[in-house]
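Colleague: This is input.cif, which holds mmCIF, C-alpha atoms and all ligand atoms:
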data_query
#
loop_
_atom_site.label_atom_id
_atom_site.label_comp_id
_atom_site.auth_asym_id
_atom_site.auth_seq_id
_atom_site.Cartn_x
_atom_site.Cartn_y
_atom_site.Cartn_z
CA MET A 15 9.63 -1.95 23.79
CA LEU A 16 9.49 -3.05 20.16
CA ARG A 17 10.62 -6.48 19.02
CA THR A 18 13.80 -6.78 16.91
CA SER A 19 13.11 -6.27 13.23
CA SER A 20 14.71 -6.68 9.82
CA PRO A 21 17.93 -4.62 9.47
CA ILE A 22 16.39 -2.76 6.53
CA LEU A 23 13.69 -1.46 8.91
CA ALA A 24 16.00 -0.34 11.73
CA PRO A 25 16.48 3.32 10.67
CA ILE A 26 12.76 3.68 10.03
CA ARG A 27 11.95 2.22 13.41
CA GLU A 28 14.20 4.84 15.01
CA LYS A 29 12.41 7.63 13.18
CA ILE A 30 8.99 6.32 14.23
CA GLU A 31 10.04 5.97 17.85
CA ALA A 32 11.31 9.56 17.74
CA GLY A 33 8.07 10.75 16.09
CA GLU A 34 9.91 11.85 12.92
CA ARG A 35 8.41 11.97 9.44
CA LEU A 36 9.14 9.15 6.99
CA SER A 37 10.45 10.04 3.51
CA PHE A 38 9.27 8.80 0.11
CA ASP A 39 12.22 6.35 0.11
CA ASP A 40 11.25 5.11 3.58
CA GLY A 41 7.82 4.43 2.13
CA LEU A 42 9.36 2.26 -0.58
CA VAL A 43 11.22 0.31 2.11
CA LEU A 44 7.93 -0.30 3.94
CA GLU A 45 6.55 -1.69 0.67
CA SER A 46 9.48 -4.09 0.30
CA PRO A 47 8.65 -7.80 0.70
CA GLU A 48 11.77 -8.05 2.90
CA VAL A 49 9.84 -6.24 5.63
CA ALA A 50 7.68 -8.74 7.47
CA LEU A 51 4.05 -7.84 8.00
CA PRO A 52 4.06 -8.30 11.83
CA GLU A 53 6.93 -5.80 12.10
CA LEU A 54 5.01 -3.26 10.04
CA GLY A 55 1.93 -3.92 12.13
CA GLU A 56 3.81 -3.39 15.37
CA LEU A 57 5.11 0.00 14.23
CA ALA A 58 1.74 1.07 12.87
CA ASN A 59 0.09 0.05 16.11
CA LEU A 60 2.55 2.16 18.07
CA VAL A 61 1.56 5.23 16.05
CA ARG A 62 -2.13 4.31 16.19
CA GLU A 63 -2.08 4.04 19.98
CA ARG A 64 -0.13 7.27 20.35
CA LYS A 65 -2.76 9.07 18.31
CA ASN A 66 -5.96 7.34 19.31
CA GLY A 67 -5.24 5.25 22.39
CA ASN A 68 -7.48 2.19 22.60
CA ALA A 69 -10.47 3.77 20.83
CA GLY A 70 -12.31 1.98 18.05
CA TYR A 71 -14.53 4.58 16.39
CA TYR A 72 -17.70 3.94 14.41
CA ASN A 73 -20.75 5.92 13.34
CA ILE A 74 -24.38 5.20 12.50
CA ASN A 75 -24.88 5.97 8.85
CA THR A 76 -26.72 5.15 5.64
CA HIS A 77 -25.64 5.39 2.01
CA LEU A 78 -27.57 7.11 -0.74
CA ASN A 79 -26.54 6.76 -4.39
CA PRO A 80 -29.20 8.92 -6.06
CA THR A 81 -28.39 7.51 -9.52
CA ASN A 82 -26.09 4.81 -10.85
CA ILE A 83 -26.33 6.07 -14.41
CA CYS A 84 -22.96 7.50 -15.36
CA LEU A 85 -21.45 8.87 -18.52
CA TYR A 86 -17.94 7.96 -17.39
CA ARG A 87 -16.58 4.43 -17.68
CA CYS A 88 -13.94 3.97 -15.01
CA THR A 89 -12.66 0.48 -15.71
CA PHE A 90 -12.70 -0.54 -12.02
CA CYS A 91 -16.35 0.38 -11.49
CA ALA A 92 -19.11 -2.26 -11.27
CA PHE A 93 -21.67 0.21 -9.94
CA ARG A 94 -22.24 2.40 -13.01
CA SER A 95 -24.98 1.79 -15.51
CA ASP A 96 -25.76 2.97 -19.04
CA LEU A 97 -28.77 5.18 -19.66
CA ARG A 98 -30.89 2.43 -21.18
CA ASP A 99 -29.59 -0.45 -19.05
CA PRO A 100 -32.37 -2.18 -17.00
CA LYS A 101 -30.07 -1.90 -13.96
CA GLY A 102 -30.06 1.90 -14.25
CA TYR A 103 -32.08 4.03 -11.81
CA TRP A 104 -32.56 7.74 -11.12
CA MET A 105 -34.28 8.76 -7.86
CA ASN A 106 -36.92 11.43 -7.47
CA ASP A 107 -37.41 13.68 -4.41
CA GLU A 108 -39.80 11.22 -2.83
CA GLN A 109 -37.29 8.36 -3.01
CA VAL A 110 -34.50 10.59 -1.73
CA LEU A 111 -36.65 11.72 1.19
CA ALA A 112 -37.67 8.13 1.98
CA ARG A 113 -33.97 7.28 2.39
CA GLY A 114 -33.55 10.26 4.73
CA GLN A 115 -36.57 9.12 6.79
CA GLU A 116 -35.18 5.59 6.99
CA ALA A 117 -31.85 7.00 8.16
CA VAL A 118 -33.47 9.09 10.89
CA ASP A 119 -35.70 6.18 11.97
CA ASN A 120 -32.56 4.08 12.43
CA GLY A 121 -30.79 6.68 14.55
CA CYS A 122 -28.31 7.68 11.84
CA THR A 123 -26.17 10.77 12.25
CA GLU A 124 -24.89 10.73 8.66
CA LEU A 125 -25.96 10.17 5.07
CA HIS A 126 -23.09 9.27 2.71
CA ILE A 127 -24.15 10.51 -0.73
CA VAL A 128 -22.32 9.77 -4.00
CA GLY A 129 -23.43 8.55 -7.39
CA GLY A 130 -23.05 8.59 -11.14
CA LEU A 131 -22.92 11.52 -13.54
CA HIS A 132 -26.27 11.19 -15.23
CA HIS A 133 -26.31 12.28 -18.87
CA GLN A 134 -29.62 14.14 -18.48
CA ALA A 135 -29.54 15.42 -14.89
CA LYS A 136 -29.16 19.16 -14.48
CA TYR A 137 -27.14 20.72 -11.68
CA ASP A 138 -30.38 21.72 -9.94
CA TRP A 139 -31.30 18.07 -9.49
CA TYR A 140 -28.03 17.33 -7.65
CA ARG A 141 -28.48 20.46 -5.52
CA GLN A 142 -32.07 19.48 -4.78
CA VAL A 143 -30.95 16.09 -3.41
CA VAL A 144 -29.00 17.95 -0.72
CA GLN A 145 -31.57 20.68 -0.19
CA VAL A 146 -34.63 18.47 0.33
CA LEU A 147 -32.76 16.23 2.76
CA HIS A 148 -31.34 19.14 4.72
CA ASP A 149 -34.72 20.90 4.93
CA ALA A 150 -36.50 17.76 6.11
CA TYR A 151 -33.77 16.34 8.40
CA PRO A 152 -31.55 19.24 9.49
CA THR A 153 -29.63 17.21 12.10
CA LEU A 154 -28.58 14.56 9.59
CA HIS A 155 -25.03 15.30 8.41
CA LEU A 156 -24.79 15.19 4.61
CA LYS A 157 -21.36 13.93 3.54
CA ALA A 158 -21.75 14.28 -0.18
CA TRP A 159 -20.08 14.41 -3.60
CA THR A 160 -16.53 13.60 -4.60
CA PRO A 161 -14.34 16.01 -6.61
CA VAL A 162 -15.39 14.04 -9.70
CA GLU A 163 -18.97 15.14 -9.12
CA ILE A 164 -18.01 18.67 -8.09
CA ASP A 165 -15.98 18.94 -11.31
CA TRP A 166 -19.02 17.77 -13.26
CA PHE A 167 -21.19 20.39 -11.51
CA CYS A 168 -18.64 23.04 -12.55
CA ARG A 169 -19.06 21.96 -16.16
CA LEU A 170 -22.86 21.96 -15.89
CA THR A 171 -22.99 25.42 -14.30
CA LYS A 172 -19.86 26.88 -15.96
CA LYS A 173 -18.87 28.10 -12.49
CA PRO A 174 -15.64 27.59 -10.53
CA VAL A 175 -15.17 24.97 -7.79
CA ARG A 176 -15.56 27.54 -5.04
CA TRP A 177 -18.94 28.69 -6.33
CA VAL A 178 -20.26 25.13 -6.52
CA LEU A 179 -19.03 24.30 -3.02
CA GLU A 180 -20.52 27.49 -1.56
CA ASP A 181 -23.82 26.81 -3.29
CA MET A 182 -23.88 23.22 -2.00
CA ILE A 183 -23.02 24.40 1.53
CA GLU A 184 -25.97 26.79 1.32
CA ALA A 185 -28.15 23.82 0.32
CA GLY A 186 -26.94 21.76 3.31
CA LEU A 187 -23.67 20.03 2.42
CA GLY A 188 -21.76 19.09 5.59
CA SER A 189 -18.48 17.55 4.37
CA LEU A 190 -16.87 15.72 1.44
CA PRO A 191 -16.30 11.94 1.33
CA GLY A 192 -12.92 10.57 0.24
CA GLY A 193 -13.79 9.00 -3.11
CA GLY A 194 -12.59 9.73 -6.63
CA ALA A 195 -8.93 9.67 -5.58
CA GLU A 196 -8.12 6.22 -7.06
CA ILE A 197 -4.38 6.53 -7.82
CA PHE A 198 -3.16 10.07 -8.53
CA HIS A 199 -0.11 9.18 -10.61
CA PRO A 200 -0.96 9.72 -14.31
CA GLU A 201 0.77 6.46 -15.34
CA VAL A 202 -2.09 4.65 -13.60
CA ARG A 203 -4.90 7.21 -13.59
CA ASN A 204 -4.78 7.56 -17.38
CA GLN A 205 -5.36 3.84 -17.72
CA ILE A 206 -8.19 3.32 -15.25
CA CYS A 207 -10.23 6.54 -15.38
CA GLU A 208 -8.74 8.78 -18.03
CA HIS A 209 -11.83 10.96 -18.54
CA LYS A 210 -12.65 12.03 -15.05
CA ALA A 211 -11.22 14.80 -12.85
CA ASP A 212 -7.44 14.46 -12.68
CA SER A 213 -5.31 14.72 -9.56
CA ARG A 214 -4.87 18.48 -9.94
CA ARG A 215 -8.65 18.93 -9.89
CA TRP A 216 -9.08 16.47 -7.02
CA PHE A 217 -6.63 18.44 -4.88
CA GLU A 218 -8.03 21.81 -5.95
CA THR A 219 -11.49 20.69 -4.78
CA HIS A 220 -10.31 19.54 -1.35
CA ARG A 221 -8.11 22.63 -0.94
CA GLU A 222 -11.07 24.91 -1.69
CA ALA A 223 -13.36 22.85 0.55
CA HIS A 224 -10.90 23.13 3.45
CA ALA A 225 -10.56 26.87 2.85
CA LEU A 226 -14.35 27.17 3.18
CA GLY A 227 -14.24 25.30 6.50
CA LEU A 228 -15.47 21.93 5.22
CA ARG A 229 -13.70 18.82 6.49
CA SER A 230 -13.14 15.92 4.13
CA ASN A 231 -11.81 12.38 3.86
CA CYS A 232 -9.36 10.82 1.43
CA THR A 233 -8.87 7.37 -0.10
CA MET A 234 -6.59 5.28 -2.32
CA LEU A 235 -7.70 2.43 -4.57
CA TYR A 236 -5.03 -0.31 -4.49
CA GLY A 237 -4.59 -3.85 -5.70
CA HIS A 238 -4.93 -3.44 -9.47
CA ILE A 239 -2.25 -2.22 -11.94
CA GLU A 240 -0.41 0.19 -9.66
CA GLN A 241 3.16 -0.31 -8.43
CA PRO A 242 4.47 0.43 -4.90
CA TYR A 243 5.92 3.80 -5.96
CA HIS A 244 2.50 4.90 -7.25
CA ARG A 245 1.01 4.17 -3.84
CA ILE A 246 3.74 6.00 -1.93
CA ASP A 247 3.47 8.95 -4.31
CA HIS A 248 -0.28 9.00 -3.61
CA LEU A 249 0.21 9.05 0.17
CA VAL A 250 2.91 11.72 0.02
CA ARG A 251 0.67 13.98 -2.10
CA LEU A 252 -2.13 13.65 0.47
CA ARG A 253 0.30 14.40 3.29
CA GLU A 254 1.46 17.57 1.50
CA LEU A 255 -2.05 18.98 1.20
CA GLN A 256 -2.73 18.08 4.82
CA ASP A 257 0.38 20.04 5.87
CA GLU A 258 -1.13 23.03 4.09
CA THR A 259 -4.79 22.83 5.20
CA LYS A 260 -5.25 20.26 8.01
CA GLY A 261 -8.69 19.56 6.54
CA PHE A 262 -8.55 15.77 6.09
CA GLN A 263 -10.07 13.79 8.94
CA THR A 264 -9.52 10.22 7.89
CA PHE A 265 -7.80 8.15 5.23
CA ILE A 266 -9.47 5.01 3.87
CA PRO A 267 -7.41 2.50 1.87
CA LEU A 268 -9.75 0.81 -0.63
CA ALA A 269 -8.98 -2.67 -1.97
CA PHE A 270 -9.94 -3.25 -5.60
CA HIS A 271 -12.91 -5.63 -5.96
CA PRO A 272 -12.66 -7.04 -9.50
CA GLU A 273 -16.00 -8.81 -9.97
CA ASN A 274 -18.17 -7.36 -12.77
CA THR A 275 -15.46 -4.87 -13.78
CA LYS A 276 -13.68 -4.37 -17.10
CA LEU A 277 -10.34 -3.92 -15.33
CA GLY A 278 -10.69 -7.16 -13.42
CA ALA A 279 -11.69 -9.13 -16.52
CA GLU A 280 -9.11 -7.69 -18.93
CA ARG A 281 -6.15 -8.00 -16.56
CA ASN A 282 -7.33 -11.13 -14.82
CA ILE A 283 -7.00 -9.47 -11.42
CA THR A 284 -8.07 -11.11 -8.18
CA LYS A 285 -9.03 -9.29 -4.98
CA PRO A 286 -6.04 -8.44 -2.76
CA SER A 287 -5.46 -10.88 0.10
CA ALA A 288 -6.03 -9.93 3.74
CA LEU A 289 -2.23 -9.76 4.12
CA VAL A 290 -2.01 -7.12 1.40
CA ASP A 291 -4.90 -5.23 3.02
CA LEU A 292 -3.15 -5.21 6.40
CA ARG A 293 0.13 -4.09 4.84
CA GLN A 294 -1.57 -1.15 3.12
CA MET A 295 -3.35 -0.22 6.35
CA ALA A 296 -0.06 -0.18 8.26
CA ILE A 297 1.86 1.73 5.58
CA ALA A 298 -0.87 4.37 5.44
CA ARG A 299 -0.72 4.85 9.23
CA LEU A 300 3.07 5.21 9.10
CA MET A 301 3.26 7.58 6.12
CA LEU A 302 0.25 9.80 6.93
CA ASP A 303 1.64 11.20 10.17
CA ASN A 304 -0.58 14.31 9.94
CA ILE A 305 -3.95 12.61 9.38
CA ASP A 306 -5.66 11.74 12.67
CA HIS A 307 -7.66 8.68 11.65
CA ILE A 308 -7.25 5.61 9.45
CA LYS A 309 -10.45 3.80 8.57
CA ALA A 310 -10.79 0.05 8.05
CA TYR A 311 -13.96 0.06 5.95
CA TRP A 312 -15.52 -3.25 7.02
CA ILE A 313 -17.87 -3.43 4.01
CA MET A 314 -14.84 -3.58 1.73
CA LEU A 315 -12.40 -5.57 3.93
CA GLY A 316 -14.77 -8.07 5.50
CA ILE A 317 -15.45 -8.04 9.21
CA GLU A 318 -12.49 -10.20 10.31
CA THR A 319 -9.87 -8.20 8.39
CA ALA A 320 -11.41 -4.97 9.66
CA GLN A 321 -11.05 -6.30 13.21
CA ILE A 322 -7.38 -7.23 12.73
CA SER A 323 -6.81 -3.82 11.07
CA LEU A 324 -7.54 -2.23 14.45
CA ALA A 325 -4.10 -3.60 15.48
CA TYR A 326 -2.46 -2.62 12.15
CA GLY A 327 -2.91 1.13 12.23
CA ALA A 328 -6.67 1.64 11.90
CA ASP A 329 -8.74 3.26 14.66
CA ASP A 330 -12.12 3.46 12.89
CA ILE A 331 -14.25 0.89 11.06
CA ASP A 332 -16.78 3.26 9.40
CA GLY A 333 -20.44 2.82 10.22
CA THR A 334 -23.40 0.55 10.56
CA VAL A 335 -24.06 1.30 6.84
CA ARG A 336 -27.17 0.41 4.82
CA HIS A 337 -27.81 0.39 1.09
CA GLU A 338 -24.14 0.12 0.06
CA LEU A 339 -23.91 -0.61 -3.69
CA ILE A 340 -20.39 0.20 -4.94
CA TYR A 341 -18.72 -2.80 -3.25
CA HIS A 342 -21.67 -5.16 -3.34
CA ASP A 343 -22.00 -4.66 -7.11
CA ALA A 344 -18.28 -5.55 -7.36
CA GLY A 345 -18.55 -8.82 -5.46
CA ALA A 346 -18.39 -7.87 -1.76
CA THR A 347 -19.98 -10.61 0.35
CA THR A 348 -20.22 -8.60 3.57
CA PRO A 349 -23.69 -8.03 5.06
CA GLU A 350 -25.75 -5.01 3.94
CA VAL A 351 -25.89 -3.56 7.43
CA MET A 352 -24.50 -4.15 10.95
CA SER A 353 -26.52 -3.36 14.07
CA VAL A 354 -25.02 -1.07 16.71
CA ALA A 355 -24.77 -4.02 19.11
CA ASP A 356 -22.89 -6.04 16.48
CA ILE A 357 -20.49 -3.27 15.47
CA GLU A 358 -19.66 -2.62 19.13
CA GLN A 359 -19.13 -6.33 19.66
CA VAL A 360 -16.85 -6.51 16.60
CA ILE A 361 -14.72 -3.67 18.02
CA ARG A 362 -14.67 -5.16 21.54
CA GLU A 363 -13.62 -8.57 20.18
CA ALA A 364 -10.64 -6.80 18.59
CA GLY A 365 -9.62 -5.52 22.03
CA ARG A 366 -10.64 -1.90 21.46
CA ASP A 367 -13.16 0.36 23.19
CA PRO A 368 -16.10 1.14 20.89
CA ILE A 369 -16.89 4.86 20.68
CA GLU A 370 -19.69 6.25 18.56
CA ARG A 371 -18.61 9.41 16.74
CA ASP A 372 -20.37 11.75 14.38
CA THR A 373 -19.02 12.60 10.92
CA LEU A 374 -16.87 15.44 12.26
CA TYR A 375 -15.41 13.32 15.07
CA HIS A 376 -17.38 14.42 18.09
CA ARG A 377 -18.35 11.79 20.62
CA VAL A 378 -22.06 11.04 20.29
CA GLU A 379 -24.28 11.00 23.38
CA ARG A 380 -27.64 9.28 23.18
CA SER A 381 -30.72 9.64 25.39
CA ALA A 382 -34.44 9.00 25.06
CA ALA A 383 -34.68 12.41 23.38
CA GLY A 384 -32.27 11.42 20.58
CA TRP A 385 -28.56 12.06 20.03
CA ARG A 386 -26.27 15.03 20.48
CA ALA A 387 -22.68 15.74 19.49
CA ALA A 388 -20.59 15.97 22.68
CA GLU A 389 -16.90 16.93 22.88
CA ALA A 390 -14.58 16.87 19.88
CA ILE A 391 -12.27 13.86 19.68
CA THR A 392 -8.65 15.00 19.65
CA ALA A 393 -5.87 12.75 18.40
CA GLY A 394 -2.35 12.73 19.81
CA ALA A 395 0.70 13.80 17.77
O1 LIG A 401 -13.85 6.47 -5.55
C1 LIG A 401 -15.24 1.95 -6.95
C2 LIG A 401 -13.85 2.96 -5.09
C3 LIG A 401 -14.72 4.77 -4.05
C4 LIG A 401 -14.55 -0.09 -6.81
O2 LIG A 401 -15.27 9.13 2.89
C5 LIG A 401 -13.94 0.64 -5.81
O3 LIG A 401 -15.90 8.00 4.63
C6 LIG A 401 -12.84 -1.21 -5.08
O4 LIG A 401 -14.79 6.73 -1.44
N1 LIG A 401 -13.38 -1.99 -6.05
C7 LIG A 401 -15.98 5.25 -3.38
N2 LIG A 401 -13.08 0.09 -4.94
C8 LIG A 401 -16.04 4.80 -1.92
C9 LIG A 401 -15.43 5.83 -1.00
C10 LIG A 401 -15.65 5.74 0.46
C11 LIG A 401 -16.04 4.54 1.05
C12 LIG A 401 -16.24 4.52 2.42
C13 LIG A 401 -16.12 5.66 3.21
C14 LIG A 401 -15.74 6.84 2.58
C15 LIG A 401 -15.63 8.08 3.42
C16 LIG A 401 -15.50 6.90 1.22
O5 LIG A 401 -14.83 3.38 -4.17
C17 LIG A 401 -14.42 5.22 -5.45
C18 LIG A 401 -13.42 4.16 -5.88
O6 LIG A 401 -12.13 4.50 -5.44
N3 LIG A 401 -14.36 1.90 -5.94
N4 LIG A 401 -15.36 0.73 -7.51
C19 LIG A 401 -14.24 -1.48 -6.92
N5 LIG A 401 -14.75 -2.24 -7.89
FE1 LIG A 402 -18.96 6.82 -12.86
FE2 LIG A 402 -17.93 7.03 -10.42
FE3 LIG A 402 -18.20 4.60 -11.55
FE4 LIG A 402 -16.36 6.30 -12.49
S1 LIG A 402 -16.40 5.39 -10.41
S2 LIG A 402 -17.81 5.11 -13.73
S3 LIG A 402 -17.37 8.30 -12.20
S4 LIG A 402 -19.88 6.00 -11.00
#
Let's see the structure in the file written out as structure tokens.
Modeller:
Amino acid sequence: MLRTSSPILAPIREKIEAGERLSFDDGLVLESPEVALPELGELANLVRERKNGNAGYYNINTHLNPTNICLYRCTFCAFRSDLRDPKGYWMNDEQVLARGQEAVDNGCTELHIVGGLHHQAKYDWYRQVVQVLHDAYPTLHLKAWTPVEIDWFCRLTKKPVRWVLEDMIEAGLGSLPGGGAEIFHPEVRNQICEHKADSRRWFETHREAHALGLRSNCTMLYGHIEQPYHRIDHLVRLRELQDETKGFQTFIPLAFHPENTKLGAERNITKPSALVDLRQMAIARLMLDNIDHIKAYWIMLGIETAQISLAYGADDIDGTVRHELIYHDAGATTPEVMSVADIEQVIREAGRDPIERDTLYHRVERSAAGWRAAEAITAGA
């Protein structure tokens, strides 16, 4: 039985209890400061437990950013580097393969691969990153490239999205990560990343990927210049594509980290508080009724907020992670990596049952011989 809540929330509570979809206007109510955070959390937890019971999912993964040199200048990005900047790097096959070996040596099931759009790199170099890894480590799942990169590959090759995706799948691509979404609404997008793939292109890429049988993730970057209606618009757009394709696996709300960014400096923005993070987590769980999983990315949230998020709608805290740069360049103070024992402990402390999953949400079974993907994890309605 749910506790009593603000009158403004009563009709929404009824809908959630009845398993009905929330409207755009309901989303704006959830954003209202009149709605207390514990009430939101309680509703989000109800949905989270209906879908995912007491599970707290994680995976064993490593990041690979093959270059940080980027010709775009998204104002929220602290990771990018100019061509001649001493911070800039561009990996060769040997360095890429060394990262794959390190991943395998550490029992990883996944490599998360994204990076900059290097002024001089040809399409074949990006393809080769996937191909050499897949050839050398065929059981390692390669979750690679956002629609921003796929769009860039289309320009380099003068081919359509579908061709690029098919070619990357042939090279070894396993799924798409959720990045590049930022905020879809042009009032915001045109101010923070006007040059890169717009929302139409972002959705076209995921739609094509889903049609080809690839699963993907989705994200939203909050806590900068956007307003509540921009965030709800963003979530509703994601929900609409999911109605059409069912290809998204998990949604990851991403809190803006302002350090070393133009956006942070010019607008004097500070990092969102844990309370804002929890509110966004809960709203995402309530609005995205057709996406199975909500991820509390511990690298970005900090370990304590990620733990509390497991009672505010989230059922997954991402992976053990190594070599993360995007958030650490922007001021994240979280560790570089968590051991399996620690990540399981973090989930247990939050009152959830730790379950290792692979990228495509199968339970992972481990033995002396290595790991294997067991049954698929199915979420409730
Ligand atoms: O698209 C960049 C964001 C995203 C900053 O799919 C920033 O499992 C905050 O998409 N402050 C990339 N956010 C990360 C991403 C991701 C992360 C974890 C798991 C998955 C997944 C995907 O990071 C970018 C952008 O939205 N970002 N700079 C910053 N300063
Ligand atoms: Fe480049 Fe990506 Fe950073 Fe934008 S977010 S500047 S596309 S690396």
Colleague: List every residue of chain A that has an atom at most 6 Å from any atom of ligand LIG 401 (chain A), giving for each one its closest atom pair and the distance in Å to one decimal, counting only C-alpha atoms and all ligand atoms, sorted by chain and then by ascending residue number, as a tab-separated table.
Modeller:
residue	atom	partner	partner_atom	distance
A:Phe90	CA	A:LIG401	N5	4.9
A:Cys91	CA	A:LIG401	N4	4.1
A:Ala92	CA	A:LIG401	N5	5.5
A:Pro191	CA	A:LIG401	O2	3.4
A:Gly192	CA	A:LIG401	O2	3.8
A:Gly193	CA	A:LIG401	O4	3.0
A:Gly194	CA	A:LIG401	O1	3.7
A:Ala195	CA	A:LIG401	O1	5.9
A:Glu196	CA	A:LIG401	O6	4.7
A:Asn231	CA	A:LIG401	O2	4.8
A:Leu235	CA	A:LIG401	O6	5.0
A:Leu268	CA	A:LIG401	N2	5.5
A:Ala269	CA	A:LIG401	C6	5.2
A:Phe270	CA	A:LIG401	C6	3.6
A:His271	CA	A:LIG401	N1	3.7
A:Pro272	CA	A:LIG401	N5	5.5
A:Ile340	CA	A:LIG401	N4	5.7
A:Tyr341	CA	A:LIG401	C19	5.9
A:Ala344	CA	A:LIG401	N5	4.9
Colleague: Could you tell me how far atom S2 of ligand LIG 402 (chain A) sits from atom CA of Thr81 of chain A, in Å to one decimal place?
Modeller: 11.6 Å
Colleague: Please build the interface table for chain A against ligand LIG 402 (chain A) with a cut-off of 7 Å, listing for each qualifying residue the nearest atom pair and the distance in Å to one decimal; count all atoms listed in the file, order rows by chain and increasing number, and write it as CSV.
Modeller:
residue,atom,partner,partner_atom,distance
A:Asn82,CA,A:LIG402,S4,6.3
A:Cys84,CA,A:LIG402,FE1,4.8
A:Leu85,CA,A:LIG402,FE1,6.5
A:Tyr86,CA,A:LIG402,S2,4.6
A:Arg87,CA,A:LIG402,S2,4.2
A:Cys88,CA,A:LIG402,FE4,4.2
A:Cys91,CA,A:LIG402,FE3,4.6
A:Ala92,CA,A:LIG402,FE3,6.9
A:Phe93,CA,A:LIG402,FE3,5.8
A:Arg94,CA,A:LIG402,S4,4.8
A:Gly129,CA,A:LIG402,S4,5.7
A:Gly130,CA,A:LIG402,S4,4.1
A:Leu131,CA,A:LIG402,FE1,6.2
A:Val162,CA,A:LIG402,S3,6.6
A:Gly194,CA,A:LIG402,S1,6.9
A:Cys207,CA,A:LIG402,FE4,6.8
A:Lys210,CA,A:LIG402,S3,6.7
Colleague: With distances taken over all atoms listed in the file, which residue among A:Ala150, A:Ala310, A:Ala383, A:Ile331 lies nearest Ile361 of chain A?
Modeller: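 Distance minimum relative to Ile361 of chain A lands on A:Ile331.
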Colleague: Pick out the closest residue to Leu57 of chain A from this set: A:Ile308, A:Met301, A:Val378, A:Leu78. Count all atoms listed in the file.
Modeller: A:Met301
